[in-house]
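> Structure incoming, see below.
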Amino acid sequence: MATDHTHGHDGHDDHHDHGPPPFFTRWFMSTNHKDIGTLYLLFSLAMLFVGGSMAMVIRAELFQPGLQFVDPHFFNQMTTMHALVMIFGAVMPGFVGFANWMLPLMVGAPDMALPRLNNMSFWVLFMAFVLLLSTLLVGAPAGGWTMYAPLSIQGGLGIDMMIFAVHMMGISSILGAINVIVTCLNMRAPGMTLMKMPMFVWTWLITSFLLIAVMPVLAGAVTMLLTDRNFGTAFFDPAGGGDPVMFQHIFWFFGHPEVYIMILPAFGIISHIIPTFARKPLFGYDSMVFATAGIAFLSFVVWAHHMFTVGMPLSGELFFMYSTMLIAIPTGVKIFNWVATMWRGSMTFETPMLFAVSVVVLFTIGGLSGLMLAIVPADFQYHDTYFVVAHFHYVLFSGAVMAMMGGAYFWLPKWTGHMYNERLGKVHFWLTAIFFNVTFFPQHFLGLAGMPRRIPDYSTQFTEFNQWSSLGAFGLGISQLLFVYIVFACIRGGKQATAEVWENPEGLEWTVPSPAPHHTFETPPRIS
Amino acid sequence: MKILHASTTVERTRALLGSVAAAVSAMLLPAVANAEYGLNLQEPATPIAREIMTLHNGIMIACFVIFILVFSVMFYSMWAHRKSRGYEPAQFSHSTKLEILWTLIPTLILVGFAYPSTGTLIAMEDTTESELTVKVTAYQWKWHYEYMDGSGVGFYSTLSTPSSQILDKEEQGENYLLEVDNHMVIPAQTKVRLLITSADVLHAWWIPKFGVKKDAIPGFINEAWINVDGPGIYRGQCVELCGKDHGYMPIVAEVKSKQDFADWLSQQKAALDSANGDTKVASN
């Protein structure tokens, strides 16, 4: 194995006192996967609140018809920035944080394969967000996170800053993905064959390939936008022979795999939590792996289902309808496997399990509405309405974000060495689950009744459900302060956690003490 | 079947499933049947919109049933297979039979969805044999309608809600944000072809009751068609983000009987002739 070699040449980590270096060196020049993981996770949490406060502005304005708080242009800035911050700042870095912390612990490696690259990934991301958030000072992008041309050609300096921020996020993601792939393929403990890799590792390995495949495509799309805006090219301008629809094709060729980049690691986390609290091995490990790979493969051939209304030929619409429907099959396999894992287990419902179960249920609501959206004739009624908004919040919030929260409760004792406050954790879960549904379930009805998305004001028949949705959103936002309190309280103290934390959990991460020492698995463990 | 082994378990599951299904269908039925609460798609006004409604209701109910079936099993398990009840965990971790089953059944369900959808889609895309063509051009932030019968009749259609209502200084009216100065006028019981394009950025033309939504794209002309059942006023909105006033460019179609439409069109032509080539005639 390459482990000893890597460690031996790893600069300042070469000392063997096993303690963390002083503050500045530790947090700003870190090459330690645990510290970088912590940085990513805290960054993601901060961005959850930045993006969340933008959502609060949106929901405050939509509380009743008429304009009360913001003008339509600022409203558009908020919807655009909310999406960019949540996708690229909260969800993706959150999962990278989990990957950094857990992948080496799960495969029995001393660190990520490329620790300096790891440091660079984080700080490039950090600077990307300094750039992106500073657009708020000069006029943030207001053309939607999808940046559709020609509207995005019209914007001001904010758009160019966003484009460079997206470039940097892309670089950060690609470097992170390379790191994950090299770690998974080269640094597994002796005896851990690919088909013995923990599910979270598998989902991240597959996610990494998706990232490497599509982030350059996004970079290409925004670069063409940049030159259209500044250097007189006409990639997307019909007056110069360009094609605005081409932007959408390129964007969604990135955008659809991106959706799975944000959900596959969540599937991985769930696949660890459920067996632990069901006290029973994961059902259908092999089919889980193949279903994940199947979803990843299909994600490359379904992109145009985001753009059924652009006027594609019939054959194109049919192809993308059928291919999209196919995704339901591997996704269904995963849901059934989780239910079968629970079946005849011996279950307890600590906070991580509550989150995991609600992810399975609520993600399925998003999955089923996704299936409805695949049906082209019906999609013509749903497209660009609040039905879609409800759909993707069910997969992204109650799928990805709640899975991360469950994962945080699950591994916090391992990270901090303390048990979190179980009672408060459960309170946080119920507040989150209830307010989430109050916020987003009525949006299905709004969409079906005909309310378009991305509008600052609406006709009066939509008032009641919007009020439900806004009140739910405020509750959902405030409840997350409790999460922050629980996490920081757990970092500062609490009941000492054992190495195993839970009852006979499976995985190498539970064989190291809690909190996990600064350096682990310097001698690789042996897997029988 | 290793998993569903105990007959009592199966019976219990069935009973639970029955009651849950009853409760949910009680919740679901008003959602499907009662459009006035705005819980479901708007009342269709064209044959295509009706087909979409049928597809939508069918698929939604199928999704509900699948959801209830899967999760009644899960919730039963969460109730029965708990440590606090002293349930000893089983150790099985796969069953090829089950896995084949739950791959095959969803596949068949999907084929069941795909078949009728394909039929409707083919009908929607067939714009041949139309009797009237209206060209719809989107601008930031208004619509322009032009009748392609050689008459040159055409006009802009702009939001008519007063800004005092938008700024909340006055109470919002009945058709707040869904009212325009000039309606698009079309005949009932006639296949009308729409040619949809844009003069600046992307927009999308949508009237929910017609079941038509099509993007307006600069440099492209998209086609769609409608055949409205009967006279009336039908309202919709732009549904593709098009900048600051995206929320303020509604679409209103006024459907007249064939005779009334013919009268209206000849009036417009006469007005156009007398105005000597001024194509921007206000109507209605």
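By convention here, the chains of the structure tokens are called A, B, ... in the order presented, each chain's residues are numbered starting at 1, and ligands are numbered starting at 1 in the order presented.
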Would you mind listing, as a PDB file with N, CA and C atoms, in the first residue's frame, all residues of chain A that have at least one atom within 7 Å of chain B, where only C-alpha atoms are what counts?


```pdb
ATOM      1  N   GLY A  66     -49.019  41.617  -3.888  1.00  0.00           N
ATOM      2  CA  GLY A  66     -48.530  42.997  -3.836  1.00  0.00           C
ATOM      3  C   GLY A  66     -47.073  42.989  -3.413  1.00  0.00           C
ATOM      4  N   LEU A  67     -46.414  44.120  -3.626  1.00  0.00           N
ATOM      5  CA  LEU A  67     -45.000  44.215  -3.241  1.00  0.00           C
ATOM      6  C   LEU A  67     -44.900  44.921  -1.902  1.00  0.00           C
ATOM      7  N   PRO A  72     -38.927  43.866  -7.625  1.00  0.00           N
ATOM      8  CA  PRO A  72     -38.822  42.614  -8.386  1.00  0.00           C
ATOM      9  C   PRO A  72     -37.383  42.254  -8.770  1.00  0.00           C
ATOM     10  N   HIS A  73     -36.560  43.256  -9.055  1.00  0.00           N
ATOM     11  CA  HIS A  73     -35.203  42.938  -9.469  1.00  0.00           C
ATOM     12  C   HIS A  73     -34.412  42.328  -8.312  1.00  0.00           C
ATOM     13  N   GLY A 143     -30.647  36.430 -13.090  1.00  0.00           N
ATOM     14  CA  GLY A 143     -31.238  35.696 -14.204  1.00  0.00           C
ATOM     15  C   GLY A 143     -31.514  34.241 -13.895  1.00  0.00           C
ATOM     16  N   PRO A 150     -30.570  34.380 -23.488  1.00  0.00           N
ATOM     17  CA  PRO A 150     -29.845  35.662 -23.528  1.00  0.00           C
ATOM     18  C   PRO A 150     -30.028  36.526 -22.276  1.00  0.00           C
ATOM     19  N   LEU A 151     -30.876  36.126 -21.316  1.00  0.00           N
ATOM     20  CA  LEU A 151     -31.104  36.997 -20.167  1.00  0.00           C
ATOM     21  C   LEU A 151     -29.788  37.272 -19.438  1.00  0.00           C
ATOM     22  N   PRO A 238     -28.816  34.642 -31.489  1.00  0.00           N
ATOM     23  CA  PRO A 238     -29.292  34.288 -32.826  1.00  0.00           C
ATOM     24  C   PRO A 238     -28.939  35.338 -33.868  1.00  0.00           C
ATOM     25  N   ARG A 279     -30.016  -2.660  13.407  1.00  0.00           N
ATOM     26  CA  ARG A 279     -29.177  -3.748  13.931  1.00  0.00           C
ATOM     27  C   ARG A 279     -29.209  -4.950  12.999  1.00  0.00           C
ATOM     28  N   LYS A 280     -29.068  -4.660  11.727  1.00  0.00           N
ATOM     29  CA  LYS A 280     -29.220  -5.692  10.708  1.00  0.00           C
ATOM     30  C   LYS A 280     -28.421  -5.217   9.503  1.00  0.00           C
ATOM     31  N   PRO A 281     -27.732  -6.126   8.784  1.00  0.00           N
ATOM     32  CA  PRO A 281     -26.912  -5.658   7.662  1.00  0.00           C
ATOM     33  C   PRO A 281     -27.760  -5.012   6.563  1.00  0.00           C
ATOM     34  N   LEU A 282     -27.111  -4.143   5.804  1.00  0.00           N
ATOM     35  CA  LEU A 282     -27.785  -3.490   4.678  1.00  0.00           C
ATOM     36  C   LEU A 282     -28.301  -4.549   3.716  1.00  0.00           C
ATOM     37  N   PHE A 283     -29.565  -4.407   3.329  1.00  0.00           N
ATOM     38  CA  PHE A 283     -30.152  -5.367   2.390  1.00  0.00           C
ATOM     39  C   PHE A 283     -29.661  -5.044   0.979  1.00  0.00           C
ATOM     40  N   GLY A 284     -29.230  -6.096   0.259  1.00  0.00           N
ATOM     41  CA  GLY A 284     -28.906  -5.953  -1.164  1.00  0.00           C
ATOM     42  C   GLY A 284     -27.750  -5.013  -1.458  1.00  0.00           C
ATOM     43  N   THR A 309     -40.182  22.199 -22.899  1.00  0.00           N
ATOM     44  CA  THR A 309     -41.003  23.207 -23.575  1.00  0.00           C
ATOM     45  C   THR A 309     -40.229  24.042 -24.590  1.00  0.00           C
ATOM     46  N   VAL A 310     -38.941  23.716 -24.841  1.00  0.00           N
ATOM     47  CA  VAL A 310     -38.194  24.562 -25.781  1.00  0.00           C
ATOM     48  C   VAL A 310     -38.568  24.308 -27.235  1.00  0.00           C
ATOM     49  N   GLY A 311     -39.370  23.275 -27.473  1.00  0.00           N
ATOM     50  CA  GLY A 311     -39.744  23.003 -28.853  1.00  0.00           C
ATOM     51  C   GLY A 311     -38.837  21.980 -29.504  1.00  0.00           C
ATOM     52  N   LEU A 314     -40.529  15.794 -31.735  1.00  0.00           N
ATOM     53  CA  LEU A 314     -41.271  14.750 -31.032  1.00  0.00           C
ATOM     54  C   LEU A 314     -40.369  13.600 -30.596  1.00  0.00           C
ATOM     55  N   MET A 325     -37.917   8.187 -17.269  1.00  0.00           N
ATOM     56  CA  MET A 325     -38.737   7.243 -16.509  1.00  0.00           C
ATOM     57  C   MET A 325     -37.909   6.054 -16.027  1.00  0.00           C
ATOM     58  N   ILE A 329     -36.427   3.074 -11.898  1.00  0.00           N
ATOM     59  CA  ILE A 329     -36.177   1.668 -11.559  1.00  0.00           C
ATOM     60  C   ILE A 329     -35.023   1.513 -10.569  1.00  0.00           C
ATOM     61  N   VAL A 333     -35.207   0.525  -6.543  1.00  0.00           N
ATOM     62  CA  VAL A 333     -34.430  -0.553  -5.912  1.00  0.00           C
ATOM     63  C   VAL A 333     -33.828  -0.061  -4.599  1.00  0.00           C
ATOM     64  N   VAL A 339     -36.109  -0.222   2.879  1.00  0.00           N
ATOM     65  CA  VAL A 339     -37.258  -0.749   3.630  1.00  0.00           C
ATOM     66  C   VAL A 339     -36.970  -2.187   4.050  1.00  0.00           C
ATOM     67  N   MET A 342     -34.813  -2.413   7.047  1.00  0.00           N
ATOM     68  CA  MET A 342     -35.526  -2.171   8.297  1.00  0.00           C
ATOM     69  C   MET A 342     -36.381  -3.365   8.699  1.00  0.00           C
ATOM     70  N   TRP A 343     -36.886  -4.076   7.675  1.00  0.00           N
ATOM     71  CA  TRP A 343     -37.825  -5.174   7.918  1.00  0.00           C
ATOM     72  C   TRP A 343     -37.189  -6.238   8.814  1.00  0.00           C
ATOM     73  N   ARG A 344     -37.869  -6.539   9.910  1.00  0.00           N
ATOM     74  CA  ARG A 344     -37.434  -7.538  10.885  1.00  0.00           C
ATOM     75  C   ARG A 344     -36.058  -7.214  11.468  1.00  0.00           C
ATOM     76  N   GLY A 345     -35.750  -5.923  11.539  1.00  0.00           N
ATOM     77  CA  GLY A 345     -34.586  -5.529  12.310  1.00  0.00           C
ATOM     78  C   GLY A 345     -35.007  -5.380  13.759  1.00  0.00           C
ATOM     79  N   SER A 346     -34.135  -4.748  14.547  1.00  0.00           N
ATOM     80  CA  SER A 346     -34.508  -4.469  15.928  1.00  0.00           C
ATOM     81  C   SER A 346     -34.250  -2.973  16.109  1.00  0.00           C
ATOM     82  N   MET A 347     -35.289  -2.208  15.767  1.00  0.00           N
ATOM     83  CA  MET A 347     -35.039  -0.784  15.533  1.00  0.00           C
ATOM     84  C   MET A 347     -35.146   0.069  16.779  1.00  0.00           C
ATOM     85  N   THR A 348     -34.284   1.072  16.827  1.00  0.00           N
ATOM     86  CA  THR A 348     -34.457   2.170  17.769  1.00  0.00           C
ATOM     87  C   THR A 348     -34.413   3.446  16.941  1.00  0.00           C
ATOM     88  N   LEU A 368     -41.388  10.577  -6.706  1.00  0.00           N
ATOM     89  CA  LEU A 368     -42.635  10.305  -7.420  1.00  0.00           C
ATOM     90  C   LEU A 368     -43.109  11.537  -8.185  1.00  0.00           C
ATOM     91  N   MET A 372     -43.746  12.076 -12.245  1.00  0.00           N
ATOM     92  CA  MET A 372     -44.853  12.788 -12.900  1.00  0.00           C
ATOM     93  C   MET A 372     -44.297  13.831 -13.870  1.00  0.00           C
ATOM     94  N   ILE A 375     -43.399  12.764 -17.473  1.00  0.00           N
ATOM     95  CA  ILE A 375     -44.454  12.518 -18.459  1.00  0.00           C
ATOM     96  C   ILE A 375     -44.656  13.810 -19.251  1.00  0.00           C
ATOM     97  N   VAL A 376     -44.151  13.831 -20.490  1.00  0.00           N
ATOM     98  CA  VAL A 376     -44.050  15.107 -21.211  1.00  0.00           C
ATOM     99  C   VAL A 376     -45.367  15.891 -21.269  1.00  0.00           C
ATOM    100  N   PRO A 377     -46.496  15.250 -21.675  1.00  0.00           N
ATOM    101  CA  PRO A 377     -47.710  16.078 -21.773  1.00  0.00           C
ATOM    102  C   PRO A 377     -48.059  16.718 -20.425  1.00  0.00           C
ATOM    103  N   ALA A 378     -47.897  15.968 -19.347  1.00  0.00           N
ATOM    104  CA  ALA A 378     -48.200  16.532 -18.033  1.00  0.00           C
ATOM    105  C   ALA A 378     -47.156  17.575 -17.646  1.00  0.00           C
ATOM    106  N   PHE A 380     -45.864  19.694 -19.457  1.00  0.00           N
ATOM    107  CA  PHE A 380     -46.214  21.001 -20.022  1.00  0.00           C
ATOM    108  C   PHE A 380     -47.055  21.801 -19.035  1.00  0.00           C
ATOM    109  N   GLN A 381     -47.805  21.124 -18.176  1.00  0.00           N
ATOM    110  CA  GLN A 381     -48.558  21.851 -17.149  1.00  0.00           C
ATOM    111  C   GLN A 381     -47.705  22.155 -15.918  1.00  0.00           C
ATOM    112  N   ASP A 384     -41.839  24.869 -14.873  1.00  0.00           N
ATOM    113  CA  ASP A 384     -41.658  26.254 -14.417  1.00  0.00           C
ATOM    114  C   ASP A 384     -42.787  26.762 -13.526  1.00  0.00           C
ATOM    115  N   PHE A 445     -49.685  22.239  -4.652  1.00  0.00           N
ATOM    116  CA  PHE A 445     -51.016  22.739  -5.038  1.00  0.00           C
ATOM    117  C   PHE A 445     -50.895  24.053  -5.797  1.00  0.00           C
ATOM    118  N   LEU A 448     -49.834  23.274  -9.362  1.00  0.00           N
ATOM    119  CA  LEU A 448     -50.911  22.677 -10.157  1.00  0.00           C
ATOM    120  C   LEU A 448     -51.966  23.723 -10.492  1.00  0.00           C
ATOM    121  N   ALA A 449     -52.241  24.614  -9.547  1.00  0.00           N
ATOM    122  CA  ALA A 449     -53.255  25.641  -9.796  1.00  0.00           C
ATOM    123  C   ALA A 449     -52.744  26.715 -10.741  1.00  0.00           C
ATOM    124  N   GLY A 450     -51.451  26.699 -11.054  1.00  0.00           N
ATOM    125  CA  GLY A 450     -50.960  27.587 -12.108  1.00  0.00           C
ATOM    126  C   GLY A 450     -50.046  28.702 -11.668  1.00  0.00           C
ATOM    127  N   PRO A 452     -46.652  30.371 -11.524  1.00  0.00           N
ATOM    128  CA  PRO A 452     -45.299  30.210 -12.073  1.00  0.00           C
ATOM    129  C   PRO A 452     -44.253  30.405 -10.985  1.00  0.00           C
ATOM    130  N   ARG A 454     -40.434  31.827  -9.647  1.00  0.00           N
ATOM    131  CA  ARG A 454     -39.614  33.011  -9.876  1.00  0.00           C
ATOM    132  C   ARG A 454     -40.419  34.279 -10.129  1.00  0.00           C
ATOM    133  N   ILE A 455     -41.604  34.390  -9.509  1.00  0.00           N
ATOM    134  CA  ILE A 455     -42.342  35.649  -9.604  1.00  0.00           C
ATOM    135  C   ILE A 455     -42.429  36.273  -8.208  1.00  0.00           C
ATOM    136  N   PRO A 456     -42.267  37.604  -8.124  1.00  0.00           N
ATOM    137  CA  PRO A 456     -42.266  38.282  -6.828  1.00  0.00           C
ATOM    138  C   PRO A 456     -43.674  38.554  -6.312  1.00  0.00           C
ATOM    139  N   ASP A 457     -44.664  38.357  -7.144  1.00  0.00           N
ATOM    140  CA  ASP A 457     -46.014  38.759  -6.812  1.00  0.00           C
ATOM    141  C   ASP A 457     -46.949  37.817  -7.559  1.00  0.00           C
ATOM    142  N   TYR A 458     -48.138  37.598  -7.003  1.00  0.00           N
ATOM    143  CA  TYR A 458     -49.005  36.598  -7.619  1.00  0.00           C
ATOM    144  C   TYR A 458     -50.447  37.031  -7.507  1.00  0.00           C
ATOM    145  N   SER A 459     -51.299  36.396  -8.328  1.00  0.00           N
ATOM    146  CA  SER A 459     -52.710  36.758  -8.284  1.00  0.00           C
ATOM    147  C   SER A 459     -53.345  36.160  -7.026  1.00  0.00           C
ATOM    148  N   THR A 460     -54.460  36.751  -6.635  1.00  0.00           N
ATOM    149  CA  THR A 460     -54.973  36.562  -5.276  1.00  0.00           C
ATOM    150  C   THR A 460     -55.391  35.131  -4.932  1.00  0.00           C
TER     151      THR A 460
END
```

> Any idea what's packed within 9 Å of B:Lys269, counting only C-alpha atoms, ignoring anything in its chain fewer than 5 positions away? Could you give it as a ChimeraX atom specification?

/B:151-153,264,274

> Between atom CA of B:Ala188 and atom CA of B:Thr137, what is the distance in Å, rounded to a tenth?

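Between these atoms lies a distance of 21.8 Å.
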
> Have a look at atom CA of A:Ala408 and atom CA of A:Pro352 and let me know their distance in Å, one decimal.

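About the pair atom CA of A:Ala408 and atom CA of A:Pro352: they are 7.9 Å apart.
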
> Quick one: distance from atom CA of B:Trp141 to atom CA of B:Ser198 in Å, one decimal?

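Interatomic distance here is 10.8 Å.
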
> Calculated over only C-alpha atoms, which of the candidates A:Gly367, A:Gly89, A:Gly220, A:Pro257 has the smallest distance to A:Phe297?

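Closest candidate: A:Pro257.
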
> List as a PyMOL selection string the protein and nucleic acid residues near A:Asp111, meaning an atom at most 9 Å away when only C-alpha atoms are counted, but skip any in the same chain fewer than 4 places from it.

chain A and resi 3+6-7+31-34+100+103-105+115+183+187+519-522

> Let me see the file: selected residues, N, CA and C atoms, as a short mmCIF file (atom, residue, chain, number, x, y, z; two decimals), in the first residue's frame.


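Result file result-v1.cif:
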```
data_model
loop_
_atom_site.label_atom_id
_atom_site.label_comp_id
_atom_site.auth_asym_id
_atom_site.auth_seq_id
_atom_site.Cartn_x
_atom_site.Cartn_y
_atom_site.Cartn_z
N THR A 3 0.33 3.89 1.65
CA THR A 3 0.05 4.74 2.81
C THR A 3 1.30 5.27 3.49
N THR A 6 3.11 7.96 1.46
CA THR A 6 2.46 9.27 1.46
C THR A 6 2.78 10.00 2.75
N HIS A 7 2.64 9.28 3.83
CA HIS A 7 2.81 9.94 5.11
C HIS A 7 4.24 10.42 5.29
N THR A 31 -3.31 20.09 6.11
CA THR A 31 -3.35 19.01 5.14
C THR A 31 -3.99 17.79 5.77
N ASN A 32 -4.58 17.99 6.95
CA ASN A 32 -5.17 16.85 7.67
C ASN A 32 -6.63 16.68 7.24
N HIS A 33 -6.98 15.48 6.85
CA HIS A 33 -8.33 15.28 6.28
C HIS A 33 -9.41 15.63 7.27
N LYS A 34 -9.14 15.41 8.57
CA LYS A 34 -10.18 15.69 9.56
C LYS A 34 -10.39 17.19 9.70
N ASN A 100 -14.31 14.02 3.35
CA ASN A 100 -12.99 14.23 3.94
C ASN A 100 -12.86 13.56 5.29
N LEU A 103 -14.14 9.23 4.53
CA LEU A 103 -13.57 8.29 3.57
C LEU A 103 -12.29 7.63 4.09
N PRO A 104 -11.29 8.42 4.57
CA PRO A 104 -10.09 7.75 5.08
C PRO A 104 -10.41 6.84 6.27
N LEU A 105 -11.30 7.27 7.14
CA LEU A 105 -11.65 6.42 8.28
C LEU A 105 -12.36 5.15 7.83
N PRO A 115 -3.13 15.35 0.14
CA PRO A 115 -3.54 16.29 1.19
C PRO A 115 -3.37 17.75 0.80
N THR A 183 -7.99 8.26 -3.52
CA THR A 183 -8.06 7.66 -2.18
C THR A 183 -8.80 6.33 -2.22
N MET A 187 -5.94 3.61 -1.65
CA MET A 187 -5.57 3.65 -0.24
C MET A 187 -6.45 2.79 0.66
N HIS A 519 -4.36 11.76 13.93
CA HIS A 519 -3.87 10.83 12.90
C HIS A 519 -4.39 9.44 13.21
N THR A 520 -4.98 8.81 12.19
CA THR A 520 -5.52 7.46 12.39
C THR A 520 -4.99 6.54 11.29
N PHE A 521 -5.04 5.26 11.56
CA PHE A 521 -4.65 4.23 10.57
C PHE A 521 -3.30 4.49 9.92
N GLU A 522 -2.30 4.91 10.77
CA GLU A 522 -0.96 5.06 10.19
C GLU A 522 -0.41 3.69 9.78
#
```

> List every residue of stretch 163-279 of chain A that DSSP, applied to the backbone of this structure, places in helix (DSSP H, G or I), and write the result as number ranges by chain.

A: 163-186, 194-196, 199-230, 238-240, 244-278

> Fewer than 3 positions away in the same chain doesn't count, so skip those; otherwise give me all residues within 10 Å of A:Met262, counting only C-alpha atoms, as a compact mmCIF listing (two decimals) with N, CA and C atoms, in the first residue's frame.


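Result went into out_0.txt, see below:
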```
# COMPACT_ATOMS: atom_id res chain seq x y z
N ILE A 87 -26.72 25.28 -3.55
CA ILE A 87 -26.19 24.17 -4.33
C ILE A 87 -24.67 24.08 -4.18
N PHE A 88 -23.99 25.21 -4.50
CA PHE A 88 -22.53 25.16 -4.54
C PHE A 88 -21.89 25.46 -3.20
N VAL A 91 -24.81 22.38 -0.08
CA VAL A 91 -24.96 20.94 -0.29
C VAL A 91 -23.65 20.29 -0.76
N MET A 92 -23.07 20.82 -1.84
CA MET A 92 -21.86 20.15 -2.35
C MET A 92 -20.72 20.17 -1.34
N PRO A 93 -20.36 21.34 -0.76
CA PRO A 93 -19.27 21.33 0.23
C PRO A 93 -19.61 20.50 1.47
N GLY A 94 -20.89 20.46 1.83
CA GLY A 94 -21.28 19.63 2.97
C GLY A 94 -20.88 18.19 2.74
N PHE A 95 -21.22 17.67 1.56
CA PHE A 95 -20.87 16.28 1.28
C PHE A 95 -19.36 16.09 1.16
N THR A 207 -19.95 9.54 -7.45
CA THR A 207 -20.18 10.98 -7.54
C THR A 207 -18.96 11.70 -8.11
N PRO A 257 -26.60 15.51 -14.16
CA PRO A 257 -25.67 14.78 -13.28
C PRO A 257 -25.43 15.52 -11.96
N GLU A 258 -25.42 16.85 -12.02
CA GLU A 258 -25.27 17.65 -10.81
C GLU A 258 -26.33 17.29 -9.75
N VAL A 259 -27.54 17.04 -10.23
CA VAL A 259 -28.60 16.66 -9.30
C VAL A 259 -28.20 15.39 -8.54
N PRO A 265 -24.36 10.94 -2.50
CA PRO A 265 -23.74 10.80 -1.18
C PRO A 265 -24.78 10.73 -0.05
N ALA A 266 -25.92 11.39 -0.26
CA ALA A 266 -26.98 11.30 0.75
C ALA A 266 -27.47 9.86 0.84
N PHE A 267 -27.64 9.21 -0.32
CA PHE A 267 -28.01 7.78 -0.31
C PHE A 267 -26.97 6.99 0.48
N VAL A 395 -36.46 16.69 -2.98
CA VAL A 395 -35.25 15.88 -3.17
C VAL A 395 -34.01 16.54 -2.59
N LEU A 396 -33.97 17.87 -2.64
CA LEU A 396 -32.74 18.53 -2.18
C LEU A 396 -32.75 18.83 -0.70
N GLY A 399 -34.11 15.39 0.93
CA GLY A 399 -33.18 14.35 0.50
C GLY A 399 -31.79 14.68 1.00
N ALA A 400 -31.15 15.63 0.33
CA ALA A 400 -29.73 15.87 0.60
C ALA A 400 -29.49 16.53 1.97
N VAL A 401 -30.17 17.63 2.26
CA VAL A 401 -29.83 18.38 3.48
C VAL A 401 -30.20 17.58 4.73
```

> For a quick check of understanding, using only C-alpha atoms, which of B:Asp149, B:Asp229, B:Glu129, B:Asp260 has the smallest distance to B:Thr46?

B:Asp229

> With distances taken over only C-alpha atoms, which residue among A:His444, A:Arg423, A:Lys414, A:His256 lies nearest A:Pro515?

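The shortest atom-to-atom distance to A:Pro515 comes from A:Lys414.
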